[in-house]
Amino acid sequence: MYDLDTRKHALALVAQGFSQNSVSKQTGISRAAIRSWLQRIEPLGYGRGAECPRCSSSPSLPDDPGAYSYLLGLYLGDGCISSAKRGVYSLRIACADAWPGLIDACVEAVQRARPANKVCRVQRQGCQYVTSSSKHWPCFFPQHGPGKKHNRAIGLEPWQQQIVDAHPWEFIRGLVHSDGCRLINWTTRLVRGERKRYEYPRYFFTNKSDDIRKLFSDTLSAVGVEWTHCTRAGKEYNISVARRASVALMDAHVGPKY
């Protein structure tokens with residue numbers, strides 16, 4: 001198998017105007033190989049075997065911690081990892097068609113997390129699955145495990161918490177983009193004896209997992225956002241951000257889905 005530098009050199013000669021036949025004679029590389037490299041320069045499997053920052057001999061943080069923090073939020077909300085063939089795992093994050101900007105942001109975050117791996121969009125009714133295959137997704141998301149997330153303990157590894165502490169708003173944005181929303185609530189109040197309708201913006205985050213809700217609320221507290229728990233059928237289920245100053249903070253750093 002020819003290495004990547006050899007392939008780039010051959011294609012550089014073609015780009016300079018040499019014919020494929022001439023390049024083949026100069027380099028000893030078959031014309032068929034050169035033709036195939038014009039379609040795909042990377043060797044088959046390139047990227048899946050790219051070094052993983054987490055399982056290398058000296059573990060390090062992902063190359064783009066901010067993008068990873070956002071992706072971690074998306075994964076905890078609407079993501080899953082499934083095993084495929086030959087030890088490869090597929091990361092899949094469900095994104096509603098209603099938010100095309102969110103889908104683009106998700107694709108970019110996955111690509112930044114594993115730059116050498118291909119990212120695909122798989123259309124389904126009402127949503128797209130952003131998917132990518134790698135042997136190392138469980139290294140990036142040690143929360144991966146059998147069953148649904150809300151049926152098992154979910155916690156961050158120290159290195160993940162380090163990233164969230166450094167990039168809290170990216171983590172909050174990922175969680176809101178997956179399982180949250182910004183909406184307009186309304187109530188009524190008496191004004192000079194007359195009851196009038198009053199509208200105000202509010203953020204909600206909904207997740208069945210007590211652990212994931214706590215990760216969200218702890219990070220909100222760390223950046224100065226006041227929040228409250230809302231119950232459904234007597235059980236804590238939603239986290240609400242409704243105070244004006246806290247909503248303003250969320251608007252400045254998160255904003256509505258788009």
# chains A, B, ... in the order shown; residues from 1 in each chain; ligands from 1

$ residues_around --residues "Glu236 in chain A" --least-positions-apart "6" --cutoff "12 Å" --atoms "only C-alpha atoms" --output "mmCIF file with N, CA and C atoms, in the first residue's frame"
data_model
loop_
_atom_site.group_PDB
_atom_site.id
_atom_site.type_symbol
_atom_site.label_atom_id
_atom_site.label_comp_id
_atom_site.auth_asym_id
_atom_site.auth_seq_id
_atom_site.Cartn_x
_atom_site.Cartn_y
_atom_site.Cartn_z
ATOM 1 N N PHE A 205 -35.465 22.563 29.869
ATOM 2 C CA PHE A 205 -34.651 21.388 29.539
ATOM 3 C C PHE A 205 -35.359 20.177 30.119
ATOM 4 N N THR A 206 -35.599 19.185 29.274
ATOM 5 C CA THR A 206 -36.368 18.011 29.676
ATOM 6 C C THR A 206 -35.565 16.752 29.422
ATOM 7 N N ASN A 207 -35.362 15.956 30.468
ATOM 8 C CA ASN A 207 -34.643 14.693 30.312
ATOM 9 C C ASN A 207 -35.049 13.763 31.452
ATOM 10 N N LYS A 208 -35.257 12.493 31.133
ATOM 11 C CA LYS A 208 -35.679 11.528 32.139
ATOM 12 C C LYS A 208 -34.563 11.185 33.130
ATOM 13 N N SER A 209 -33.320 11.385 32.714
ATOM 14 C CA SER A 209 -32.186 11.008 33.555
ATOM 15 C C SER A 209 -31.934 12.045 34.652
ATOM 16 N N ASP A 210 -32.024 11.626 35.909
ATOM 17 C CA ASP A 210 -31.713 12.531 37.009
ATOM 18 C C ASP A 210 -30.264 13.004 36.911
ATOM 19 N N ASP A 211 -29.369 12.104 36.486
ATOM 20 C CA ASP A 211 -27.952 12.448 36.405
ATOM 21 C C ASP A 211 -27.690 13.510 35.342
ATOM 22 N N ARG A 213 -29.872 15.679 34.091
ATOM 23 C CA ARG A 213 -30.450 16.955 34.540
ATOM 24 C C ARG A 213 -29.527 17.635 35.548
ATOM 25 N N LYS A 214 -28.897 16.849 36.417
ATOM 26 C CA LYS A 214 -27.986 17.439 37.406
ATOM 27 C C LYS A 214 -26.737 18.011 36.736
ATOM 28 N N THR A 228 -34.955 26.424 38.196
ATOM 29 C CA THR A 228 -35.848 25.700 39.105
ATOM 30 C C THR A 228 -36.240 24.380 38.460
ATOM 31 N N HIS A 229 -36.618 23.422 39.308
ATOM 32 C CA HIS A 229 -37.150 22.160 38.828
ATOM 33 C C HIS A 229 -38.660 22.271 38.643
ATOM 34 N N CYS A 230 -39.159 21.717 37.576
ATOM 35 C CA CYS A 230 -40.593 21.585 37.374
ATOM 36 C C CYS A 230 -40.919 20.095 37.384
#

$ residues_around --residues "Ile212 in chain A" --least-positions-apart "5" --cutoff "9 Å" --atoms "only C-alpha atoms" --output "VMD selection string"
chain A and resid 76 to 77 149 to 150 154 to 155 207 217

$ atom_distance --atom1 "CA of Gln160 in chain A" --atom2 "CA of Pro142 in chain A"
9.6 Å

$ residues_around --residues "Val23 in chain A" --least-positions-apart "6" --cutoff "9 Å" --atoms "only C-alpha atoms" --output "list of chain:residue names"
A:Ala10, A:Leu11, A:Leu13, A:Val14, A:Ile29, A:Ser30, A:Arg31, A:Ile34

$ write_last_selection --atoms "N, CA, C and O atoms" --output "PDB file, in the first residue's frame"
ATOM      1  N   ALA A  10       2.229  11.958  -6.452  1.00  0.00           N
ATOM      2  CA  ALA A  10       1.754  11.536  -7.764  1.00  0.00           C
ATOM      3  C   ALA A  10       0.664  12.475  -8.284  1.00  0.00           C
ATOM      4  O   ALA A  10       0.673  12.884  -9.453  1.00  0.00           O
ATOM      5  N   LEU A  11      -0.258  12.854  -7.409  1.00  0.00           N
ATOM      6  CA  LEU A  11      -1.337  13.741  -7.837  1.00  0.00           C
ATOM      7  C   LEU A  11      -0.822  15.156  -8.106  1.00  0.00           C
ATOM      8  O   LEU A  11      -1.375  15.873  -8.949  1.00  0.00           O
ATOM      9  N   LEU A  13       2.003  15.796  -9.518  1.00  0.00           N
ATOM     10  CA  LEU A  13       2.546  15.733 -10.875  1.00  0.00           C
ATOM     11  C   LEU A  13       1.427  15.836 -11.902  1.00  0.00           C
ATOM     12  O   LEU A  13       1.564  16.523 -12.928  1.00  0.00           O
ATOM     13  N   VAL A  14       0.321  15.153 -11.635  1.00  0.00           N
ATOM     14  CA  VAL A  14      -0.833  15.247 -12.544  1.00  0.00           C
ATOM     15  C   VAL A  14      -1.331  16.691 -12.597  1.00  0.00           C
ATOM     16  O   VAL A  14      -1.657  17.216 -13.674  1.00  0.00           O
ATOM     17  N   ILE A  29       4.134   3.778 -10.387  1.00  0.00           N
ATOM     18  CA  ILE A  29       2.790   3.528  -9.863  1.00  0.00           C
ATOM     19  C   ILE A  29       1.837   3.286 -11.028  1.00  0.00           C
ATOM     20  O   ILE A  29       1.893   3.979 -12.043  1.00  0.00           O
ATOM     21  N   SER A  30       0.975   2.312 -10.900  1.00  0.00           N
ATOM     22  CA  SER A  30       0.073   1.973 -12.002  1.00  0.00           C
ATOM     23  C   SER A  30      -0.901   3.114 -12.268  1.00  0.00           C
ATOM     24  O   SER A  30      -1.265   3.879 -11.365  1.00  0.00           O
ATOM     25  N   ARG A  31      -1.335   3.204 -13.538  1.00  0.00           N
ATOM     26  CA  ARG A  31      -2.310   4.235 -13.900  1.00  0.00           C
ATOM     27  C   ARG A  31      -3.636   4.005 -13.181  1.00  0.00           C
ATOM     28  O   ARG A  31      -4.330   4.960 -12.827  1.00  0.00           O
ATOM     29  N   ILE A  34      -3.426   5.607  -9.811  1.00  0.00           N
ATOM     30  CA  ILE A  34      -3.493   7.074  -9.910  1.00  0.00           C
ATOM     31  C   ILE A  34      -4.915   7.524 -10.177  1.00  0.00           C
ATOM     32  O   ILE A  34      -5.402   8.494  -9.591  1.00  0.00           O
TER      33      ILE A  34
END

$ closest_residue --among "A:Arg232, A:Glu226, A:Ala94, A:His177" --to "Ala245 in chain A" --atoms "only C-alpha atoms"
A:Glu226

$ residues_around --residues "Pro53 in chain A" --least-positions-apart "5" --cutoff "12 Å" --atoms "only C-alpha atoms" --output "list in words"
Ser58, Pro59, Ser60, Leu61, Pro62, Asp63, Asp64, Pro65, Ala113, Arg114, His136, Trp137, Cys139, Phe140 and Trp159 of chain A

$ write_last_selection --atoms "C-alpha atoms" --output "CSV table (one decimal), in the first residue's frame"
chain,number,residue,atom,x,y,z
A,58,SER,CA,-0.1,9.6,26.9
A,59,PRO,CA,-3.9,10.4,27.0
A,60,SER,CA,-4.7,14.0,26.1
A,61,LEU,CA,-7.8,16.1,25.5
A,62,PRO,CA,-9.6,16.2,22.1
A,63,ASP,CA,-8.0,18.6,19.6
A,64,ASP,CA,-11.0,21.0,19.8
A,65,PRO,CA,-12.3,21.0,23.4
A,113,ALA,CA,-13.9,15.7,17.3
A,114,ARG,CA,-12.6,13.2,14.7
A,136,HIS,CA,-12.7,5.2,19.2
A,137,TRP,CA,-16.1,6.7,19.9
A,139,CYS,CA,-13.0,6.5,24.2
A,140,PHE,CA,-14.6,9.9,23.6
A,159,TRP,CA,-11.0,14.9,31.8

$ closest_residue --among "A:Ala98, A:Cys106, A:Val176, A:Val88" --to "Pro138 in chain A" --atoms "only C-alpha atoms"
A:Val88

$ residues_around --residues "range 247-249 of chain A" --least-positions-apart "4" --cutoff "9 Å" --atoms "only C-alpha atoms" --output "list of chain:residue names"
A:Pro201, A:Arg202, A:Tyr203, A:Val223, A:Gly224, A:Val225, A:Glu226, A:Val241, A:Ala242, A:Arg243, A:His253, A:Val254

$ write_last_selection --atoms "N, CA, C and O atoms" --output "mmCIF file, in the first residue's frame"
data_model
loop_
_atom_site.group_PDB
_atom_site.id
_atom_site.type_symbol
_atom_site.label_atom_id
_atom_site.label_comp_id
_atom_site.auth_asym_id
_atom_site.auth_seq_id
_atom_site.Cartn_x
_atom_site.Cartn_y
_atom_site.Cartn_z
ATOM 1 N N PRO A 201 -40.057 35.315 27.981
ATOM 2 C CA PRO A 201 -39.313 34.167 27.452
ATOM 3 C C PRO A 201 -38.848 33.251 28.581
ATOM 4 O O PRO A 201 -38.635 33.691 29.722
ATOM 5 N N ARG A 202 -38.686 31.989 28.228
ATOM 6 C CA ARG A 202 -38.320 30.981 29.227
ATOM 7 C C ARG A 202 -37.584 29.843 28.534
ATOM 8 O O ARG A 202 -37.892 29.494 27.396
ATOM 9 N N TYR A 203 -36.611 29.281 29.207
ATOM 10 C CA TYR A 203 -35.913 28.100 28.698
ATOM 11 C C TYR A 203 -36.361 26.873 29.490
ATOM 12 O O TYR A 203 -36.533 26.930 30.709
ATOM 13 N N VAL A 223 -22.242 29.071 35.893
ATOM 14 C CA VAL A 223 -22.132 30.295 35.083
ATOM 15 C C VAL A 223 -23.098 31.378 35.554
ATOM 16 O O VAL A 223 -23.274 32.394 34.881
ATOM 17 N N GLY A 224 -23.735 31.159 36.697
ATOM 18 C CA GLY A 224 -24.568 32.199 37.274
ATOM 19 C C GLY A 224 -26.002 32.235 36.799
ATOM 20 O O GLY A 224 -26.680 33.252 36.978
ATOM 21 N N VAL A 225 -26.492 31.139 36.221
ATOM 22 C CA VAL A 225 -27.879 31.076 35.757
ATOM 23 C C VAL A 225 -28.747 30.465 36.860
ATOM 24 O O VAL A 225 -28.459 29.376 37.356
ATOM 25 N N GLU A 226 -29.804 31.181 37.248
ATOM 26 C CA GLU A 226 -30.749 30.652 38.233
ATOM 27 C C GLU A 226 -31.760 29.746 37.535
ATOM 28 O O GLU A 226 -32.237 30.055 36.450
ATOM 29 N N VAL A 241 -35.624 27.901 33.281
ATOM 30 C CA VAL A 241 -34.892 29.147 33.487
ATOM 31 C C VAL A 241 -35.833 30.264 33.077
ATOM 32 O O VAL A 241 -36.171 30.390 31.890
ATOM 33 N N ALA A 242 -36.289 31.049 34.060
ATOM 34 C CA ALA A 242 -37.316 32.049 33.753
ATOM 35 C C ALA A 242 -36.977 33.443 34.264
ATOM 36 O O ALA A 242 -37.566 34.425 33.792
ATOM 37 N N ARG A 243 -36.061 33.570 35.224
ATOM 38 C CA ARG A 243 -35.728 34.897 35.727
ATOM 39 C C ARG A 243 -35.088 35.734 34.624
ATOM 40 O O ARG A 243 -34.288 35.225 33.839
ATOM 41 N N HIS A 253 -25.648 33.519 25.221
ATOM 42 C CA HIS A 253 -24.710 32.421 24.990
ATOM 43 C C HIS A 253 -25.325 31.205 24.291
ATOM 44 O O HIS A 253 -24.592 30.374 23.757
ATOM 45 N N VAL A 254 -26.629 31.084 24.310
ATOM 46 C CA VAL A 254 -27.289 29.903 23.727
ATOM 47 C C VAL A 254 -28.270 30.321 22.633
ATOM 48 O O VAL A 254 -28.075 30.021 21.462
#

$ residues_around --residues "Arg173 in chain A" --least-positions-apart "6" --cutoff "9 Å" --atoms "only C-alpha atoms" --output "MDAnalysis selection string"
chainID A and resid 70 73:74 180 250 253:255

$ atom_distance --atom1 "CA of Gly126 in chain A" --atom2 "CA of Gly101 in chain A"
15.0 Å
